[in-house]
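*Asks:* Mind having a look at this structure? Questions to follow.
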Amino acid sequence: MPREIVIIECTEARKEGKSPSRYMTTRNPRKPDGKKVEKMKYNPSLKRRTLHKEIKK
């Protein structure tokens, strides 16, 4: 079974009225916890690292 491709989006940019950054990443579909992916990634519009969470497809 291949890894799933998911899109993660910045959680802080919309609060500040700027455009959110989005990244594509993968996850293991057989992982038992089933939580959404969360990663610290760089947001160029805010010029800092922010928390990015998985969004719906």
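Identifiers for the structure tokens are assigned positionally: chains receive A, B, ... in sequence, residues are indexed from 1 per chain, and ligands are indexed from 1 in the order shown.
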Residues at most 9 Å from range 44-46 of chain A, counting only C-alpha atoms, excluding those fewer than 3 positions away in the same chain, as JSON, numbers by chain?

*Replies:* {"A": [12, 13, 16, 18, 19, 20, 21, 49, 50]}

*Asks:* Store the residues picked out above, limited to N, CA, C and O atoms, as a PDB file, in the first residue's frame.

*Replies:*
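Okay, this is what ended up in part-v5.pdb:
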```
ATOM      1  N   GLU A  12      -1.420  30.227  10.937  1.00  0.00           N
ATOM      2  CA  GLU A  12      -1.311  31.580  11.472  1.00  0.00           C
ATOM      3  C   GLU A  12      -1.544  32.688  10.442  1.00  0.00           C
ATOM      4  O   GLU A  12      -1.877  33.809  10.817  1.00  0.00           O
ATOM      5  N   ALA A  13      -1.366  32.413   9.165  1.00  0.00           N
ATOM      6  CA  ALA A  13      -1.415  33.456   8.140  1.00  0.00           C
ATOM      7  C   ALA A  13      -2.802  34.078   7.991  1.00  0.00           C
ATOM      8  O   ALA A  13      -2.928  35.290   7.842  1.00  0.00           O
ATOM      9  N   GLU A  16      -3.613  36.773  10.484  1.00  0.00           N
ATOM     10  CA  GLU A  16      -2.919  38.040  10.262  1.00  0.00           C
ATOM     11  C   GLU A  16      -3.302  38.692   8.947  1.00  0.00           C
ATOM     12  O   GLU A  16      -2.776  39.737   8.594  1.00  0.00           O
ATOM     13  N   LYS A  18      -2.881  37.538   5.804  1.00  0.00           N
ATOM     14  CA  LYS A  18      -1.956  37.297   4.699  1.00  0.00           C
ATOM     15  C   LYS A  18      -2.280  35.964   4.047  1.00  0.00           C
ATOM     16  O   LYS A  18      -3.044  35.173   4.574  1.00  0.00           O
ATOM     17  N   SER A  19      -1.655  35.738   2.886  1.00  0.00           N
ATOM     18  CA  SER A  19      -1.941  34.497   2.167  1.00  0.00           C
ATOM     19  C   SER A  19      -1.249  33.313   2.849  1.00  0.00           C
ATOM     20  O   SER A  19      -0.078  33.403   3.189  1.00  0.00           O
ATOM     21  N   PRO A  20      -1.969  32.205   3.044  1.00  0.00           N
ATOM     22  CA  PRO A  20      -1.365  31.036   3.694  1.00  0.00           C
ATOM     23  C   PRO A  20      -0.468  30.274   2.725  1.00  0.00           C
ATOM     24  O   PRO A  20      -0.724  30.220   1.527  1.00  0.00           O
ATOM     25  N   SER A  21       0.601  29.718   3.259  1.00  0.00           N
ATOM     26  CA  SER A  21       1.466  28.877   2.432  1.00  0.00           C
ATOM     27  C   SER A  21       0.967  27.443   2.533  1.00  0.00           C
ATOM     28  O   SER A  21       0.434  27.032   3.559  1.00  0.00           O
ATOM     29  N   ARG A  49       8.990  30.478  10.600  1.00  0.00           N
ATOM     30  CA  ARG A  49       8.457  29.120  10.644  1.00  0.00           C
ATOM     31  C   ARG A  49       7.153  29.132  11.426  1.00  0.00           C
ATOM     32  O   ARG A  49       7.068  29.746  12.492  1.00  0.00           O
ATOM     33  N   THR A  50       6.136  28.461  10.899  1.00  0.00           N
ATOM     34  CA  THR A  50       4.825  28.401  11.541  1.00  0.00           C
ATOM     35  C   THR A  50       4.303  26.971  11.493  1.00  0.00           C
ATOM     36  O   THR A  50       4.792  26.141  10.734  1.00  0.00           O
TER      37      THR A  50
END
```

*Asks:* What's around Glu38 in chain A at 8 Å? Count only C-alpha atoms, leave out sequence neighbours fewer than 3 positions away in its own chain, and write the answer as a PyMOL selection string.

*Replies:* chain A and resi 8+51-54

*Asks:* Go ahead and write the selection's residues with C-alpha atoms as a short mmCIF file (atom, residue, chain, number, x, y, z; two decimals), in the first residue's frame.

*Replies:*
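So part-v4.cif came out as:
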```cif
data_model
loop_
_atom_site.label_atom_id
_atom_site.label_comp_id
_atom_site.auth_asym_id
_atom_site.auth_seq_id
_atom_site.Cartn_x
_atom_site.Cartn_y
_atom_site.Cartn_z
CA ILE A 8 -0.69 21.04 4.78
CA LEU A 51 2.66 25.38 12.31
CA HIS A 52 1.09 23.80 9.22
CA LYS A 53 -1.82 21.34 9.56
CA GLU A 54 -3.39 18.91 7.11
#
```

*Asks:* Could you tell me how far CA of Ile55 in chain A sits from CA of Lys31 in chain A, in Å to one decimal place?

*Replies:*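 One can read the CA of Lys31 in chain A to CA of Ile55 in chain A distance as 18.0 Å.
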
*Asks:* DSSP on the backbone: what in chain A comes out strand (DSSP E), as a list in words?

*Replies:*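 The residues of chain A classed as strand (DSSP E) are Glu4, Ile5, Val6, Ile7, Ile8, Glu9, Cys10, Arg22, Tyr23, Met24, Thr25, Thr26, Arg27, Glu38, Lys39, Met40, Lys41, Tyr42, Asn43, Arg48, Arg49, Thr50, Leu51, His52, Lys53 and Glu54 of chain A.
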
*Asks:* What is the distance, in Å and to one decimal place, between CA of Lys56 in chain A and CA of Ile7 in chain A?

*Replies:*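 Computing the Euclidean distance for CA of Lys56 in chain A and CA of Ile7 in chain A yields 7.8 Å.
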
*Asks:* List as a ChimeraX atom specification the protein and nucleic acid residues near Val6 in chain A, meaning an atom at most 6 Å away when only C-alpha atoms are counted, but skip any in the same chain fewer than 4 places from it.

*Replies:* /A:24-26

*Asks:* For each of A:Asn28, A:Tyr23, A:Lys15, A:Arg48, take the minimum atom-to-atom distance to Arg3 in chain A, counting only C-alpha atoms, then give the residue where this is smallest.

*Replies:*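 Selected residue with least distance to Arg3 in chain A: A:Asn28.
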
*Asks:* In Å to one decimal, how far is CA of Arg22 in chain A from CA of Met1 in chain A?

*Replies:*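 Computed distance, CA of Met1 in chain A to CA of Arg22 in chain A, equals 25.3 Å.
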